[in-house]
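Raw structure11.tsv, TSV, C-alpha atoms and all ligand atoms:
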```
chain	number	residue	atom	x	y	z
Y	1	MET	CA	15.33	12.91	14.82
Y	2	ARG	CA	15.28	9.12	15.20
Y	3	VAL	CA	11.69	7.92	14.90
Y	4	LEU	CA	10.25	4.50	15.66
Y	5	GLY	CA	7.43	3.70	13.20
Y	6	ILE	CA	4.66	1.22	14.01
Y	7	GLU	CA	2.24	-0.20	11.44
Y	8	THR	CA	-0.71	-2.38	12.51
Y	9	SER	CA	-3.62	-1.28	10.30
Y	10	CYS	CA	-4.36	-4.70	8.82
Y	11	ASP	CA	-2.55	-8.04	8.67
Y	12	GLU	CA	1.12	-7.05	8.89
Y	13	THR	CA	2.95	-5.99	12.04
Y	14	GLY	CA	5.64	-3.61	10.77
Y	15	VAL	CA	8.24	-1.62	12.72
Y	16	ALA	CA	11.20	0.53	11.67
Y	17	VAL	CA	13.52	3.28	12.85
Y	18	TYR	CA	14.20	6.22	10.52
Y	19	ASP	CA	16.80	8.91	11.21
Y	20	SER	CA	15.69	12.19	9.61
Y	21	GLU	CA	19.06	13.96	10.08
Y	22	GLN	CA	20.94	11.31	8.13
Y	23	ASP	CA	17.92	10.61	5.87
Y	24	LEU	CA	18.59	6.97	6.67
Y	25	LEU	CA	16.51	3.96	7.55
Y	26	LEU	CA	18.35	2.41	10.50
Y	27	GLY	CA	16.39	-0.83	10.39
Y	28	HIS	CA	13.01	-2.42	9.80
Y	29	ALA	CA	11.22	-5.64	10.69
Y	30	LEU	CA	7.98	-7.17	9.51
Y	31	TYR	CA	5.78	-9.97	10.71
Y	32	SER	CA	3.08	-11.08	8.27
Y	33	GLN	CA	-0.12	-12.73	9.51
Y	34	ILE	CA	-0.87	-14.27	6.10
Y	35	ASP	CA	-0.70	-17.84	7.43
Y	36	ILE	CA	-3.33	-17.05	10.09
Y	37	HIS	CA	-5.82	-15.54	7.64
Y	38	ALA	CA	-5.13	-17.72	4.58
Y	39	GLN	CA	-7.23	-20.59	5.96
Y	40	TYR	CA	-10.25	-18.22	6.10
Y	41	GLY	CA	-9.67	-16.82	2.60
Y	42	GLY	CA	-9.30	-13.25	3.90
Y	43	VAL	CA	-8.43	-11.12	6.93
Y	44	VAL	CA	-10.37	-11.91	10.13
Y	45	PRO	CA	-10.24	-8.59	12.05
Y	46	GLU	CA	-10.39	-10.02	15.59
Y	47	LEU	CA	-7.59	-12.49	14.86
Y	48	ALA	CA	-5.54	-9.65	13.38
Y	49	SER	CA	-5.86	-7.51	16.54
Y	50	ARG	CA	-4.99	-10.41	18.84
Y	51	ASP	CA	-1.91	-11.26	16.84
Y	52	HIS	CA	-0.68	-7.64	16.79
Y	53	VAL	CA	-0.97	-7.73	20.61
Y	54	ARG	CA	1.22	-10.85	20.67
Y	55	LYS	CA	3.80	-9.76	18.11
Y	56	LEU	CA	4.30	-6.00	18.35
Y	57	VAL	CA	6.40	-5.61	21.51
Y	58	PRO	CA	8.72	-8.59	20.74
Y	59	LEU	CA	9.15	-7.25	17.18
Y	60	ILE	CA	10.17	-3.81	18.49
Y	61	LYS	CA	12.67	-5.46	20.86
Y	62	GLN	CA	14.07	-7.55	17.99
Y	63	LEU	CA	14.37	-4.46	15.75
Y	64	LEU	CA	16.25	-2.46	18.39
Y	65	THR	CA	18.56	-5.36	19.33
Y	66	GLU	CA	19.40	-6.38	15.75
Y	67	ASN	CA	20.27	-2.81	14.80
Y	68	GLN	CA	22.01	-1.92	18.08
Y	69	ILE	CA	19.54	0.87	18.81
Y	70	LYS	CA	18.89	1.69	22.47
Y	71	PRO	CA	15.48	2.92	23.67
Y	72	ASN	CA	17.31	6.13	24.66
Y	73	ASP	CA	18.18	6.72	21.00
Y	74	ILE	CA	14.51	6.98	20.01
Y	75	GLU	CA	13.39	10.62	19.85
Y	76	GLY	CA	9.85	10.20	18.55
Y	77	ILE	CA	7.20	7.58	17.79
Y	78	ALA	CA	4.90	7.35	14.79
Y	79	TYR	CA	2.02	4.88	14.67
Y	80	THR	CA	-0.64	4.29	12.02
Y	81	ALA	CA	-3.83	5.96	13.29
Y	82	GLY	CA	-6.02	5.06	10.28
Y	83	PRO	CA	-7.60	4.15	7.98
Y	84	GLY	CA	-7.75	0.43	8.68
Y	85	LEU	CA	-9.25	-2.17	11.01
Y	86	ILE	CA	-10.18	-0.40	14.25
Y	87	GLY	CA	-9.03	-3.14	16.64
Y	88	ALA	CA	-5.73	-3.58	14.80
Y	89	LEU	CA	-5.12	0.18	14.71
Y	90	LEU	CA	-5.82	0.51	18.43
Y	91	VAL	CA	-3.08	-2.00	19.27
Y	92	GLY	CA	-0.41	0.04	17.46
Y	93	ALA	CA	-1.77	3.34	18.75
Y	94	ALA	CA	-1.94	2.15	22.37
Y	95	ILE	CA	1.52	0.60	22.38
Y	96	GLY	CA	3.07	3.50	20.44
Y	97	ARG	CA	1.50	6.05	22.77
Y	98	SER	CA	2.51	4.08	25.89
Y	99	LEU	CA	6.14	3.78	24.75
Y	100	ALA	CA	6.20	7.51	23.99
Y	101	TRP	CA	4.96	8.22	27.50
Y	102	ALA	CA	7.45	5.83	29.08
Y	103	TRP	CA	10.36	7.17	27.04
Y	104	GLN	CA	9.22	10.80	27.36
Y	105	VAL	CA	9.23	11.50	23.61
Y	106	PRO	CA	6.56	12.96	21.31
Y	107	ALA	CA	4.23	10.68	19.34
Y	108	ILE	CA	2.11	11.17	16.26
Y	109	GLY	CA	-0.70	9.24	14.55
Y	110	VAL	CA	0.08	8.79	10.85
Y	111	HIS	CA	-2.36	8.41	7.95
Y	112	HIS	CA	-1.69	4.97	6.45
Y	113	MET	CA	-2.11	6.20	2.86
Y	114	GLU	CA	0.24	9.14	3.43
Y	115	GLY	CA	2.75	6.50	4.54
Y	116	HIS	CA	2.26	4.57	1.29
Y	117	LEU	CA	2.37	7.79	-0.73
Y	118	LEU	CA	5.77	8.78	0.70
Y	119	ALA	CA	7.33	5.27	0.72
Y	120	ALA	CA	9.20	5.93	-2.54
Y	121	MET	CA	11.06	8.76	-0.74
Y	122	LEU	CA	13.02	6.04	1.09
Y	123	GLU	CA	14.64	5.01	-2.22
Y	124	LYS	CA	17.49	6.60	-4.17
Y	125	PRO	CA	16.89	8.62	-6.24
Y	126	ALA	CA	13.86	9.86	-4.33
Y	127	PRO	CA	11.14	11.75	-6.22
Y	128	THR	CA	11.00	15.50	-5.70
Y	129	PHE	CA	7.77	17.50	-5.41
Y	130	PRO	CA	5.46	18.00	-7.23
Y	131	PHE	CA	4.45	14.56	-8.49
Y	132	LEU	CA	1.51	12.40	-9.43
Y	133	ALA	CA	0.97	9.38	-7.20
Y	134	LEU	CA	-0.89	6.20	-8.08
Y	135	LEU	CA	-1.96	4.59	-4.81
Y	136	VAL	CA	-3.04	1.01	-5.38
Y	137	SER	CA	-3.61	-1.02	-2.24
Y	138	GLY	CA	-6.09	-3.52	-0.87
Y	139	GLY	CA	-8.41	-0.78	0.35
Y	140	HIS	CA	-7.70	2.18	-1.95
Y	141	THR	CA	-7.15	3.07	-5.59
Y	142	GLN	CA	-6.41	6.76	-5.99
Y	143	LEU	CA	-4.62	9.19	-8.27
Y	144	VAL	CA	-3.23	11.96	-6.10
Y	145	GLN	CA	-1.64	15.24	-7.13
Y	146	VAL	CA	1.10	15.90	-4.58
Y	147	ALA	CA	2.12	19.57	-4.60
Y	148	ALA	CA	4.27	19.29	-1.48
Y	149	ARG	CA	4.42	17.29	1.74
Y	150	GLY	CA	0.90	17.34	3.19
Y	151	LYS	CA	-0.61	19.00	0.11
Y	152	TYR	CA	-2.63	16.29	-1.53
Y	153	THR	CA	-5.45	16.60	-4.07
Y	154	ILE	CA	-7.30	13.42	-4.94
Y	155	LEU	CA	-7.88	13.58	-8.71
Y	156	GLY	CA	-9.69	10.27	-9.01
Y	157	GLU	CA	-10.48	7.12	-7.06
Y	158	SER	CA	-12.32	3.85	-7.25
Y	159	VAL	CA	-16.08	4.15	-7.00
Y	160	ASP	CA	-16.29	0.53	-5.79
Y	161	ASP	CA	-13.59	-2.15	-5.29
Y	162	ALA	CA	-9.95	-1.13	-4.91
Y	163	ALA	CA	-7.47	-2.69	-7.35
Y	164	GLY	CA	-5.99	-4.96	-4.65
Y	165	GLU	CA	-9.48	-5.97	-3.52
Y	166	ALA	CA	-10.28	-6.93	-7.13
Y	167	PHE	CA	-7.15	-9.11	-7.22
Y	168	ASP	CA	-8.13	-10.75	-3.92
Y	169	LYS	CA	-11.77	-11.39	-4.90
Y	170	THR	CA	-10.82	-12.69	-8.34
Y	171	ALA	CA	-8.27	-15.04	-6.78
Y	172	LYS	CA	-10.99	-16.39	-4.50
Y	173	LEU	CA	-13.33	-16.98	-7.46
Y	174	LEU	CA	-10.58	-18.93	-9.21
Y	175	GLY	CA	-9.90	-20.99	-6.10
Y	176	LEU	CA	-6.50	-19.40	-5.39
Y	177	GLY	CA	-5.14	-18.52	-1.97
Y	178	TYR	CA	-5.02	-15.28	0.01
Y	179	PRO	CA	-3.62	-12.70	-0.68
Y	180	GLY	CA	-4.80	-12.82	-4.26
Y	181	GLY	CA	-2.42	-10.34	-5.89
Y	182	PRO	CA	0.75	-12.45	-5.81
Y	183	ALA	CA	-1.26	-15.64	-6.56
Y	184	ILE	CA	-2.89	-14.12	-9.68
Y	185	ALA	CA	0.42	-12.60	-10.85
Y	186	GLN	CA	2.16	-15.97	-10.56
Y	187	LEU	CA	-0.58	-17.79	-12.45
Y	188	ALA	CA	-0.94	-15.06	-15.10
Y	189	ALA	CA	2.71	-15.57	-16.05
Y	190	HIS	CA	1.64	-18.93	-17.57
Y	191	GLY	CA	-1.52	-17.53	-19.21
Y	192	ASN	CA	-2.04	-16.88	-22.90
Y	193	PRO	CA	-2.94	-13.19	-23.34
Y	194	ASP	CA	-4.92	-13.84	-26.54
Y	195	VAL	CA	-7.57	-16.23	-25.23
Y	196	PHE	CA	-9.83	-13.92	-23.19
Y	197	HIS	CA	-10.37	-10.17	-23.22
Y	198	PHE	CA	-12.01	-8.28	-20.35
Y	199	PRO	CA	-13.20	-4.65	-20.45
Y	200	ARG	CA	-11.11	-1.68	-19.28
Y	201	PRO	CA	-13.77	-0.13	-16.99
Y	202	MET	CA	-14.47	3.63	-17.16
Y	203	THR	CA	-11.72	4.33	-19.70
Y	204	GLN	CA	-14.20	5.25	-22.46
Y	205	ARG	CA	-15.54	8.26	-20.56
Y	206	PRO	CA	-13.63	11.29	-19.32
Y	207	GLY	CA	-12.41	11.52	-15.74
Y	208	LEU	CA	-9.93	9.79	-13.48
Y	209	ASP	CA	-12.17	7.54	-11.40
Y	210	PHE	CA	-11.93	3.75	-11.45
Y	211	SER	CA	-14.37	0.87	-11.11
Y	212	PHE	CA	-13.09	-2.66	-10.66
Y	213	SER	CA	-16.09	-4.52	-9.23
Y	214	GLY	CA	-17.49	-5.52	-12.66
Y	215	LEU	CA	-14.32	-7.37	-13.59
Y	216	LYS	CA	-14.95	-10.13	-11.07
Y	217	THR	CA	-18.33	-10.82	-12.71
Y	218	CYS	CA	-16.53	-11.17	-16.07
Y	219	VAL	CA	-14.09	-13.58	-14.42
Y	220	LEU	CA	-16.87	-15.61	-12.80
Y	221	THR	CA	-19.05	-15.96	-15.92
Y	222	THR	CA	-16.00	-16.81	-18.06
Y	223	TRP	CA	-14.72	-19.39	-15.55
Y	224	GLN	CA	-18.15	-21.04	-15.24
Y	225	ALA	CA	-18.57	-21.23	-19.03
Y	226	GLN	CA	-15.24	-22.99	-19.63
Y	227	ALA	CA	-13.71	-26.38	-19.05
Y	228	GLN	CA	-12.16	-25.65	-15.64
Y	229	ASN	CA	-8.56	-26.72	-16.13
Y	230	GLU	CA	-5.23	-25.18	-15.11
Y	231	GLN	CA	-4.58	-23.54	-18.48
Y	232	THR	CA	-8.00	-21.84	-18.53
Y	233	ARG	CA	-7.41	-20.62	-14.99
Y	234	ALA	CA	-4.07	-19.14	-16.05
Y	235	ASP	CA	-5.56	-17.59	-19.21
Y	236	ILE	CA	-8.32	-15.92	-17.15
Y	237	ALA	CA	-5.78	-14.69	-14.57
Y	238	ARG	CA	-3.75	-13.19	-17.43
Y	239	ALA	CA	-6.80	-11.48	-19.01
Y	240	PHE	CA	-7.78	-10.08	-15.60
Y	241	GLU	CA	-4.29	-8.80	-14.82
Y	242	ASP	CA	-4.02	-7.24	-18.29
Y	243	ALA	CA	-7.37	-5.45	-17.81
Y	244	VAL	CA	-6.35	-3.98	-14.44
Y	245	ILE	CA	-2.86	-2.95	-15.62
Y	246	ASP	CA	-4.20	-1.43	-18.84
Y	247	THR	CA	-6.88	0.52	-16.96
Y	248	LEU	CA	-4.38	1.87	-14.43
Y	249	ALA	CA	-1.95	2.85	-17.22
Y	250	ILE	CA	-4.66	4.63	-19.25
Y	251	LYS	CA	-5.70	6.69	-16.21
Y	252	CYS	CA	-2.08	7.48	-15.28
Y	253	ARG	CA	-1.44	8.73	-18.81
Y	254	ARG	CA	-4.56	10.88	-18.66
Y	255	ALA	CA	-3.64	12.31	-15.25
Y	256	LEU	CA	-0.07	13.12	-16.37
Y	257	GLN	CA	-1.47	14.86	-19.46
Y	258	GLN	CA	-4.07	16.81	-17.45
Y	259	THR	CA	-1.70	17.99	-14.75
Y	260	GLY	CA	1.45	18.40	-16.86
Y	261	LEU	CA	3.37	16.60	-14.09
Y	262	LYS	CA	6.56	14.81	-15.13
Y	263	ARG	CA	7.03	12.49	-12.14
Y	264	LEU	CA	4.89	9.45	-11.42
Y	265	VAL	CA	5.15	7.71	-8.04
Y	266	ILE	CA	3.65	4.25	-7.49
Y	267	ALA	CA	2.62	3.10	-4.03
Y	268	GLY	CA	0.61	0.40	-2.28
Y	269	GLY	CA	0.58	-3.40	-2.42
Y	270	VAL	CA	-0.46	-3.70	-6.08
Y	271	GLY	CA	2.60	-1.57	-6.89
Y	272	ALA	CA	4.64	-4.73	-6.16
Y	273	ASN	CA	3.19	-6.25	-9.36
Y	274	GLN	CA	6.10	-6.67	-11.78
Y	275	ARG	CA	4.06	-6.37	-14.97
Y	276	LEU	CA	2.42	-3.18	-13.72
Y	277	ARG	CA	5.87	-1.75	-12.94
Y	278	ILE	CA	7.15	-2.60	-16.43
Y	279	ARG	CA	4.04	-1.13	-18.07
Y	280	LEU	CA	4.18	2.15	-16.14
Y	281	THR	CA	7.91	2.48	-16.80
Y	282	GLN	CA	7.21	2.17	-20.55
Y	283	LEU	CA	4.42	4.74	-20.27
Y	284	ALA	CA	6.62	7.20	-18.38
Y	285	ASN	CA	9.45	6.77	-20.91
Y	286	LYS	CA	7.07	7.52	-23.76
Y	287	MET	CA	5.81	10.64	-21.99
Y	288	GLU	CA	9.32	11.77	-21.05
Y	289	ALA	CA	8.35	11.46	-17.40
Y	290	SER	CA	10.17	9.64	-14.58
Y	291	VAL	CA	8.66	6.85	-12.56
Y	292	TYR	CA	9.49	5.99	-8.92
Y	293	TYR	CA	8.68	2.82	-7.01
Y	294	PRO	CA	9.35	1.72	-3.46
Y	295	ARG	CA	11.17	-1.64	-3.26
Y	296	PRO	CA	8.46	-4.38	-3.37
Y	297	ILE	CA	8.43	-4.99	0.42
Y	298	PHE	CA	7.79	-1.26	0.97
Y	299	CYS	CA	4.86	-1.36	-1.51
Y	300	THR	CA	2.92	-3.63	0.83
Y	301	ASP	CA	2.32	-2.57	4.45
Y	302	ASN	CA	5.47	-1.88	6.47
Y	303	GLY	CA	6.79	0.14	9.41
Y	304	ALA	CA	9.38	2.09	7.38
Y	305	MET	CA	6.82	4.22	5.54
Y	306	ILE	CA	5.13	5.09	8.85
Y	307	ALA	CA	8.46	6.00	10.50
Y	308	TYR	CA	9.29	8.23	7.49
Y	309	ALA	CA	5.88	9.97	7.21
Y	310	GLY	CA	5.75	10.44	11.00
Y	311	ALA	CA	9.31	11.79	11.16
Y	312	LEU	CA	8.47	14.53	8.63
Y	313	ARG	CA	5.56	15.68	10.76
Y	314	LEU	CA	7.37	15.37	14.12
Y	315	VAL	CA	10.36	17.33	12.78
Y	316	ALA	CA	7.91	20.02	11.60
Y	317	GLY	CA	6.75	20.30	15.23
Y	318	GLN	CA	3.49	18.36	15.01
Y	319	SER	CA	2.54	15.77	17.62
Y	320	ASP	CA	-0.56	14.25	19.18
Y	321	PRO	CA	-1.64	14.60	22.81
Y	322	LEU	CA	-1.43	11.84	25.43
Y	323	SER	CA	-4.96	10.72	24.68
Y	324	PHE	CA	-5.04	8.92	21.37
Y	325	SER	CA	-7.61	7.88	18.80
Y	326	ALA	CA	-7.72	5.61	15.79
Y	327	TYR	CA	-9.78	6.33	12.68
Y	328	PRO	CA	-11.05	3.36	10.66
Y	329	ARG	CA	-12.23	5.82	7.98
Y	330	TRP	CA	-10.12	8.88	7.34
Y	331	SER	CA	-9.82	10.78	4.04
Y	332	MET	CA	-6.45	12.13	2.96
Y	333	ASN	CA	-8.30	15.33	2.05
Y	334	GLU	CA	-8.49	16.03	5.80
Y	335	LEU	CA	-4.68	16.12	6.15
Y	336	SER	CA	-2.74	19.36	6.25
U	401	LIG	O1	-0.86	-1.86	0.63
U	401	LIG	P1	-1.26	-3.20	1.08
U	401	LIG	O2	-0.22	-4.11	1.66
U	401	LIG	O3	-2.39	-3.15	2.13
U	401	LIG	C1	-3.41	-2.19	2.15
U	401	LIG	O4	-3.15	-1.05	2.60
U	401	LIG	O5	-4.50	-2.55	1.67
U	401	LIG	O6	-1.93	-3.90	-0.20
U	401	LIG	C2	-2.37	-5.22	-0.16
U	401	LIG	C3	-2.95	-5.57	-1.52
U	401	LIG	C4	-3.66	-6.90	-1.53
U	401	LIG	O7	-4.92	-6.72	-2.11
U	401	LIG	C5	-2.77	-7.77	-2.41
U	401	LIG	O8	-3.47	-8.76	-3.12
U	401	LIG	C6	-2.15	-6.74	-3.33
U	401	LIG	O9	-1.91	-5.63	-2.52
U	401	LIG	N1	-0.88	-7.22	-3.90
U	401	LIG	C7	-0.68	-7.42	-5.24
U	401	LIG	C8	0.65	-7.93	-5.37
U	401	LIG	N2	1.20	-8.01	-4.13
U	401	LIG	C9	0.25	-7.57	-3.25
U	401	LIG	N3	-1.48	-7.22	-6.29
U	401	LIG	C10	-1.00	-7.53	-7.51
U	401	LIG	N4	0.23	-8.03	-7.73
U	401	LIG	C11	1.09	-8.25	-6.69
U	401	LIG	N5	2.31	-8.74	-6.93
U	402	ZN	ZN	-1.52	-0.45	3.05
```
The structure in this file should be written as structure tokens.
Ligand code: KG4
Ligand code: ZN
Amino acid sequence: MRVLGIETSCDETGVAVYDSEQDLLLGHALYSQIDIHAQYGGVVPELASRDHVRKLVPLIKQLLTENQIKPNDIEGIAYTAGPGLIGALLVGAAIGRSLAWAWQVPAIGVHHMEGHLLAAMLEKPAPTFPFLALLVSGGHTQLVQVAARGKYTILGESVDDAAGEAFDKTAKLLGLGYPGGPAIAQLAAHGNPDVFHFPRPMTQRPGLDFSFSGLKTCVLTTWQAQAQNEQTRADIARAFEDAVIDTLAIKCRRALQQTGLKRLVIAGGVGANQRLRIRLTQLANKMEASVYYPRPIFCTDNGAMIAYAGALRLVAGQSDPLSFSAYPRWSMNELS
């Protein structure tokens, strides 16, 4: 089945076509709204929705033309139904549902985090079930035991800020641009790791939950107490990045030990962080486990992961009715 995937949950308009019979991504296209939101220091929901309205249909046309795919070739449509910004989600859901009606094909609303979770399946070699997934995005930080497709058990999650959110807020405190993750990573590369040391939150007690909100207070008090020059900024960025990476690695090790799983899958925007990838690869090697990453552009939001996750469900016979909904809050525990 050839499935058109549509992602509009936040500030990227992403589209892709995945062919389940060939297990092949036929094409993907992405339009990022970063320039629109950067001047406000974060995503402005209403501006995000309006821009998805402007960009989505032309982007679908471009995707089909560039990859010589005809509307007739599309056999199903998958759109992100949540979680995310409600206005932004409704744009993708309405356009996805309308195209499905016009083209007389089934459509399905996909859980955004299930998309992230399965993104590594688009790579070769793809992970096989069961595996442990570390989902680290702007809105979520979760360790998920994946027994099979649709069988997800959340083993731990952030009790406050998500890892990506911590990157974004810390970047703002240090006067860096939006999104914060890439900005901090770039600066941290010039930082001295031995100048500052920040705590590894919640690693001293048992359990697999995370807490990242305290780190930004450490960053703020350290930054205010120092001579505010470029080197100090880089040293703080480095100490912050080290604290987040170390914390994620400690919890991944614990979860692999607890579950006995031998495959670790990384997903979500923070998964694009090169130093995190190196650290988790070293951890997996030490534990004789394998680690799987999507290519960096499929770590952040994209249409390919939605096309893939939707195709699996459509092929299994699932679909949504003509009336559609979007769910700004939606737990993966509710999926089947
Ligand atoms: O998965 P994603 O694109 O959107 C959500 O579903 O939230 O993740 C976006 C998050 C942002 O917080 C961004 O700062 C972070 O991923 N991010 C990074 C890097 N690239 C993106 N964090 C750390 N290092 C990076 N290289
Ligand atoms: Zn995402």
Taking only C-alpha atoms and all ligand atoms into account, which residues are within 9 Å of ligand LIG 401 (chain U), as a VMD selection string? chain Y and resid 9 to 12 83 to 84 112 to 113 116 135 to 140 162 to 169 171 178 to 186 241 267 to 276 296 to 302
Keeping only C-alpha atoms, write the selected residues as a PDB file, in the coordinates of the input.
```pdb
ATOM      1  CA  SER Y   9      -3.620  -1.280  10.300  1.00  0.00           C
ATOM      2  CA  CYS Y  10      -4.360  -4.700   8.820  1.00  0.00           C
ATOM      3  CA  ASP Y  11      -2.550  -8.040   8.670  1.00  0.00           C
ATOM      4  CA  GLU Y  12       1.120  -7.050   8.890  1.00  0.00           C
ATOM      5  CA  PRO Y  83      -7.600   4.150   7.980  1.00  0.00           C
ATOM      6  CA  GLY Y  84      -7.750   0.430   8.680  1.00  0.00           C
ATOM      7  CA  HIS Y 112      -1.690   4.970   6.450  1.00  0.00           C
ATOM      8  CA  MET Y 113      -2.110   6.200   2.860  1.00  0.00           C
ATOM      9  CA  HIS Y 116       2.260   4.570   1.290  1.00  0.00           C
ATOM     10  CA  LEU Y 135      -1.960   4.590  -4.810  1.00  0.00           C
ATOM     11  CA  VAL Y 136      -3.040   1.010  -5.380  1.00  0.00           C
ATOM     12  CA  SER Y 137      -3.610  -1.020  -2.240  1.00  0.00           C
ATOM     13  CA  GLY Y 138      -6.090  -3.520  -0.870  1.00  0.00           C
ATOM     14  CA  GLY Y 139      -8.410  -0.780   0.350  1.00  0.00           C
ATOM     15  CA  HIS Y 140      -7.700   2.180  -1.950  1.00  0.00           C
ATOM     16  CA  ALA Y 162      -9.950  -1.130  -4.910  1.00  0.00           C
ATOM     17  CA  ALA Y 163      -7.470  -2.690  -7.350  1.00  0.00           C
ATOM     18  CA  GLY Y 164      -5.990  -4.960  -4.650  1.00  0.00           C
ATOM     19  CA  GLU Y 165      -9.480  -5.970  -3.520  1.00  0.00           C
ATOM     20  CA  ALA Y 166     -10.280  -6.930  -7.130  1.00  0.00           C
ATOM     21  CA  PHE Y 167      -7.150  -9.110  -7.220  1.00  0.00           C
ATOM     22  CA  ASP Y 168      -8.130 -10.750  -3.920  1.00  0.00           C
ATOM     23  CA  LYS Y 169     -11.770 -11.390  -4.900  1.00  0.00           C
ATOM     24  CA  ALA Y 171      -8.270 -15.040  -6.780  1.00  0.00           C
ATOM     25  CA  TYR Y 178      -5.020 -15.280   0.010  1.00  0.00           C
ATOM     26  CA  PRO Y 179      -3.620 -12.700  -0.680  1.00  0.00           C
ATOM     27  CA  GLY Y 180      -4.800 -12.820  -4.260  1.00  0.00           C
ATOM     28  CA  GLY Y 181      -2.420 -10.340  -5.890  1.00  0.00           C
ATOM     29  CA  PRO Y 182       0.750 -12.450  -5.810  1.00  0.00           C
ATOM     30  CA  ALA Y 183      -1.260 -15.640  -6.560  1.00  0.00           C
ATOM     31  CA  ILE Y 184      -2.890 -14.120  -9.680  1.00  0.00           C
ATOM     32  CA  ALA Y 185       0.420 -12.600 -10.850  1.00  0.00           C
ATOM     33  CA  GLN Y 186       2.160 -15.970 -10.560  1.00  0.00           C
ATOM     34  CA  GLU Y 241      -4.290  -8.800 -14.820  1.00  0.00           C
ATOM     35  CA  ALA Y 267       2.620   3.100  -4.030  1.00  0.00           C
ATOM     36  CA  GLY Y 268       0.610   0.400  -2.280  1.00  0.00           C
ATOM     37  CA  GLY Y 269       0.580  -3.400  -2.420  1.00  0.00           C
ATOM     38  CA  VAL Y 270      -0.460  -3.700  -6.080  1.00  0.00           C
ATOM     39  CA  GLY Y 271       2.600  -1.570  -6.890  1.00  0.00           C
ATOM     40  CA  ALA Y 272       4.640  -4.730  -6.160  1.00  0.00           C
ATOM     41  CA  ASN Y 273       3.190  -6.250  -9.360  1.00  0.00           C
ATOM     42  CA  GLN Y 274       6.100  -6.670 -11.780  1.00  0.00           C
ATOM     43  CA  ARG Y 275       4.060  -6.370 -14.970  1.00  0.00           C
ATOM     44  CA  LEU Y 276       2.420  -3.180 -13.720  1.00  0.00           C
ATOM     45  CA  PRO Y 296       8.460  -4.380  -3.370  1.00  0.00           C
ATOM     46  CA  ILE Y 297       8.430  -4.990   0.420  1.00  0.00           C
ATOM     47  CA  PHE Y 298       7.790  -1.260   0.970  1.00  0.00           C
ATOM     48  CA  CYS Y 299       4.860  -1.360  -1.510  1.00  0.00           C
ATOM     49  CA  THR Y 300       2.920  -3.630   0.830  1.00  0.00           C
ATOM     50  CA  ASP Y 301       2.320  -2.570   4.450  1.00  0.00           C
ATOM     51  CA  ASN Y 302       5.470  -1.880   6.470  1.00  0.00           C
TER      52      ASN Y 302
END
```
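The spacing separating CA of Lys251 (chain Y) from CA of Thr221 (chain Y) amounts to 26.3 Å.
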Between Y:Glu46, Y:Glu334, Y:Asp320, Y:Asp161, single out the one closest to Lys216 (chain Y), counting all atoms listed in the file.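 Closest residue, counting all atoms listed in the file: Y:Asp161.
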Can you tell me, as a list in words, what residues are no more than 8 Å from region 91-94 of chain Y when counting all atoms listed in the file, ignoring any on the same chain fewer than 6 positions away?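 Listed by chain and then number, they are Ile6, Glu7, Thr8, Ser9, Ser49, His52, Val53, Leu56, Tyr79, Thr80, Ala81, Gly109, Phe324, Ser325 and Ala326 of chain Y.
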What gap, in Å, lies between CA of Thr153 (chain Y) and CA of Ser336 (chain Y)?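 Computing it gives 11.0 Å between the two atoms.
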